[in-house]
Amino acid sequence: MQPAYPPQYPPPGYPAQQYPPQPYPPPQPYPYPAQPYPAQPYPQPYQQPYPGQAQMQTWTVTQGVCSDWVGVWNMQHVGSGHWLGTSVISVRSNQCTHTPIGTQLTASVDFSTFADRTWRATDTNTTNGSHCQYSGSIGSSNTQASGNYTCGFNGQQSHIVIASQIPFFN
């Protein structure tokens with residue numbers, strides 16, 4: 001036997017007064033009077049201990065075997081010695097890269113400094129599919145980092161120089 005469509009209410013065998021269901025009774029007032037929250041002191045604004053912890057920074061970058069690539073890393077300080085950001089670099093000379101001048105790459109960058117004045121970085125989501133590992137040291141000026149990097153395609157080691165207007169501070 002096929003059920004009747006649309007379904008019949010009330011279903012056969014149930015008294016009509018049970019359908020439709022009755023709404024819930026109206027809410028009753030809360031039995032206790034409202035209490036205000038105790039006053040909480042507002043925290044003091046965050047005091048940056050030194051200029052190197054500015055929230056956003058733009059670093060200029062020169063990289064490649066013959067310094068053929070130039071660009072910027074737009075970095076956000078996310079913790080002690082840790083930055084995340086994006087890289088936008090382009091070819092200024094095809095002396096060593098043999099890549100057309102003006103070719104541009106973008107990537108996501110994860111950069112960290114360490115107490116021994118060294119740094120490491122990785123880039124991911126590079127527009128050409130490459131993945132690079134960087135490492136080096138921070139100069140005595142605290143505004144320049146230099147080192148080497150290797151990318152996934154050819155494994156060739158190249159040089160990089162990163163300059164910041166604000167000290168890196170470890």
# chains A, B, ... in the order shown; residues from 1 in each chain; ligands from 1
call {"tool": "select_by_dssp", "arguments": {"residues": "region 55-135 of chain A", "states": "strand (DSSP E or B)", "output": "ChimeraX atom specification"}}
result
/A:56-63,69-79,82-91,104-113,118-124,132-135
call {"tool": "residues_around", "arguments": {"residues": "Thr58 (chain A)", "least_positions_apart": "2", "cutoff": "12 Å", "atoms": "only C-alpha atoms", "output": "list in words"}}
result
Ala54, Gln55, Met56, Thr60, Val61, Gly71, Val72, Trp73, Asn74, Met75, Gln76, His77, Trp83, Leu84, Gly85, Thr86, Ser87, Val88, Thr143, Ile162, Ala163, Ser164, Gln165, Ile166, Pro167 and Phe168 of chain A
call {"tool": "atom_distance", "arguments": {"atom1": "CA of Ser137 (chain A)", "atom2": "CA of Ser80 (chain A)"}}
result
16.9 Å
call {"tool": "residues_around", "arguments": {"residues": "Val161 (chain A)", "least_positions_apart": "6", "cutoff": "8 Å", "atoms": "only C-alpha atoms", "output": "PyMOL selection string"}}
result
chain A and resi 61-63+144-147
call {"tool": "atom_distance", "arguments": {"atom1": "CA of Thr97 (chain A)", "atom2": "CA of Ser112 (chain A)"}}
result
27.5 Å
call {"tool": "atom_distance", "arguments": {"atom1": "CA of Val91 (chain A)", "atom2": "CA of Ser130 (chain A)"}}
result
15.8 Å
call {"tool": "closest_residue", "arguments": {"among": "A:Ser140, A:Thr106, A:Thr150, A:Thr113", "to": "Asn125 (chain A)", "atoms": "only C-alpha atoms"}}
result
A:Thr106
call {"tool": "closest_residue", "arguments": {"among": "A:Cys151, A:Ile160, A:Val65, A:Cys132", "to": "Gln95 (chain A)", "atoms": "only C-alpha atoms"}}
result
A:Val65
call {"tool": "closest_residue", "arguments": {"among": "A:His82, A:His159, A:Arg120, A:Arg92", "to": "Asp68 (chain A)", "atoms": "only C-alpha atoms"}}
result
A:Arg92
call {"tool": "residues_around", "arguments": {"residues": "Asn128 (chain A)", "least_positions_apart": "3", "cutoff": "10 Å", "atoms": "only C-alpha atoms", "output": "ChimeraX atom specification"}}
result
/A:104-107,125,131,153
call {"tool": "write_last_selection", "arguments": {"atoms": "all heavy atoms", "output": "mmCIF file, in the first residue's frame"}}
result
data_model
loop_
_atom_site.group_PDB
_atom_site.id
_atom_site.type_symbol
_atom_site.label_atom_id
_atom_site.label_comp_id
_atom_site.auth_asym_id
_atom_site.auth_seq_id
_atom_site.Cartn_x
_atom_site.Cartn_y
_atom_site.Cartn_z
ATOM 1 N N GLN A 104 58.370 38.245 -13.975
ATOM 2 C CA GLN A 104 58.073 38.476 -12.562
ATOM 3 C C GLN A 104 57.634 37.186 -11.882
ATOM 4 O O GLN A 104 56.912 36.380 -12.476
ATOM 5 C CB GLN A 104 56.976 39.536 -12.439
ATOM 6 C CG GLN A 104 56.758 40.029 -11.035
ATOM 7 C CD GLN A 104 55.754 41.161 -11.003
ATOM 8 O OE1 GLN A 104 54.589 40.958 -11.339
ATOM 9 N NE2 GLN A 104 56.200 42.344 -10.621
ATOM 10 N N LEU A 105 58.074 37.002 -10.638
ATOM 11 C CA LEU A 105 57.654 35.874 -9.815
ATOM 12 C C LEU A 105 57.100 36.395 -8.498
ATOM 13 O O LEU A 105 57.618 37.366 -7.948
ATOM 14 C CB LEU A 105 58.827 34.935 -9.506
ATOM 15 C CG LEU A 105 59.441 34.166 -10.657
ATOM 16 C CD1 LEU A 105 60.635 33.364 -10.160
ATOM 17 C CD2 LEU A 105 58.408 33.241 -11.273
ATOM 18 N N THR A 106 56.079 35.737 -7.993
ATOM 19 C CA THR A 106 55.563 36.045 -6.663
ATOM 20 C C THR A 106 55.573 34.766 -5.840
ATOM 21 O O THR A 106 55.517 33.664 -6.387
ATOM 22 C CB THR A 106 54.125 36.608 -6.716
ATOM 23 O OG1 THR A 106 53.281 35.633 -7.321
ATOM 24 C CG2 THR A 106 54.060 37.904 -7.500
ATOM 25 N N ALA A 107 55.640 34.924 -4.518
ATOM 26 C CA ALA A 107 55.678 33.760 -3.635
ATOM 27 C C ALA A 107 55.262 34.171 -2.234
ATOM 28 O O ALA A 107 55.236 35.360 -1.901
ATOM 29 C CB ALA A 107 57.078 33.160 -3.606
ATOM 30 N N ASN A 125 54.341 28.527 -2.810
ATOM 31 C CA ASN A 125 53.317 29.083 -3.720
ATOM 32 C C ASN A 125 53.935 30.005 -4.760
ATOM 33 O O ASN A 125 53.341 30.986 -5.158
ATOM 34 C CB ASN A 125 52.237 29.839 -2.933
ATOM 35 C CG ASN A 125 51.570 28.969 -1.919
ATOM 36 O OD1 ASN A 125 51.312 27.796 -2.158
ATOM 37 N ND2 ASN A 125 51.304 29.520 -0.751
ATOM 38 N N HIS A 131 60.349 25.993 -5.309
ATOM 39 C CA HIS A 131 60.325 26.113 -3.852
ATOM 40 C C HIS A 131 61.756 26.344 -3.420
ATOM 41 O O HIS A 131 62.631 25.533 -3.726
ATOM 42 C CB HIS A 131 59.756 24.833 -3.232
ATOM 43 C CG HIS A 131 59.722 24.852 -1.751
ATOM 44 N ND1 HIS A 131 58.795 25.573 -1.047
ATOM 45 C CD2 HIS A 131 60.511 24.249 -0.837
ATOM 46 C CE1 HIS A 131 58.999 25.397 0.249
ATOM 47 N NE2 HIS A 131 60.046 24.591 0.400
ATOM 48 N N PHE A 153 64.056 23.530 -8.831
ATOM 49 C CA PHE A 153 64.178 23.074 -10.209
ATOM 50 C C PHE A 153 65.578 22.598 -10.562
ATOM 51 O O PHE A 153 65.789 21.494 -11.006
ATOM 52 C CB PHE A 153 63.763 24.171 -11.188
ATOM 53 C CG PHE A 153 62.285 24.374 -11.258
ATOM 54 C CD1 PHE A 153 61.759 25.633 -11.465
ATOM 55 C CD2 PHE A 153 61.398 23.322 -11.107
ATOM 56 C CE1 PHE A 153 60.391 25.825 -11.533
ATOM 57 C CE2 PHE A 153 60.042 23.509 -11.173
ATOM 58 C CZ PHE A 153 59.540 24.767 -11.387
#
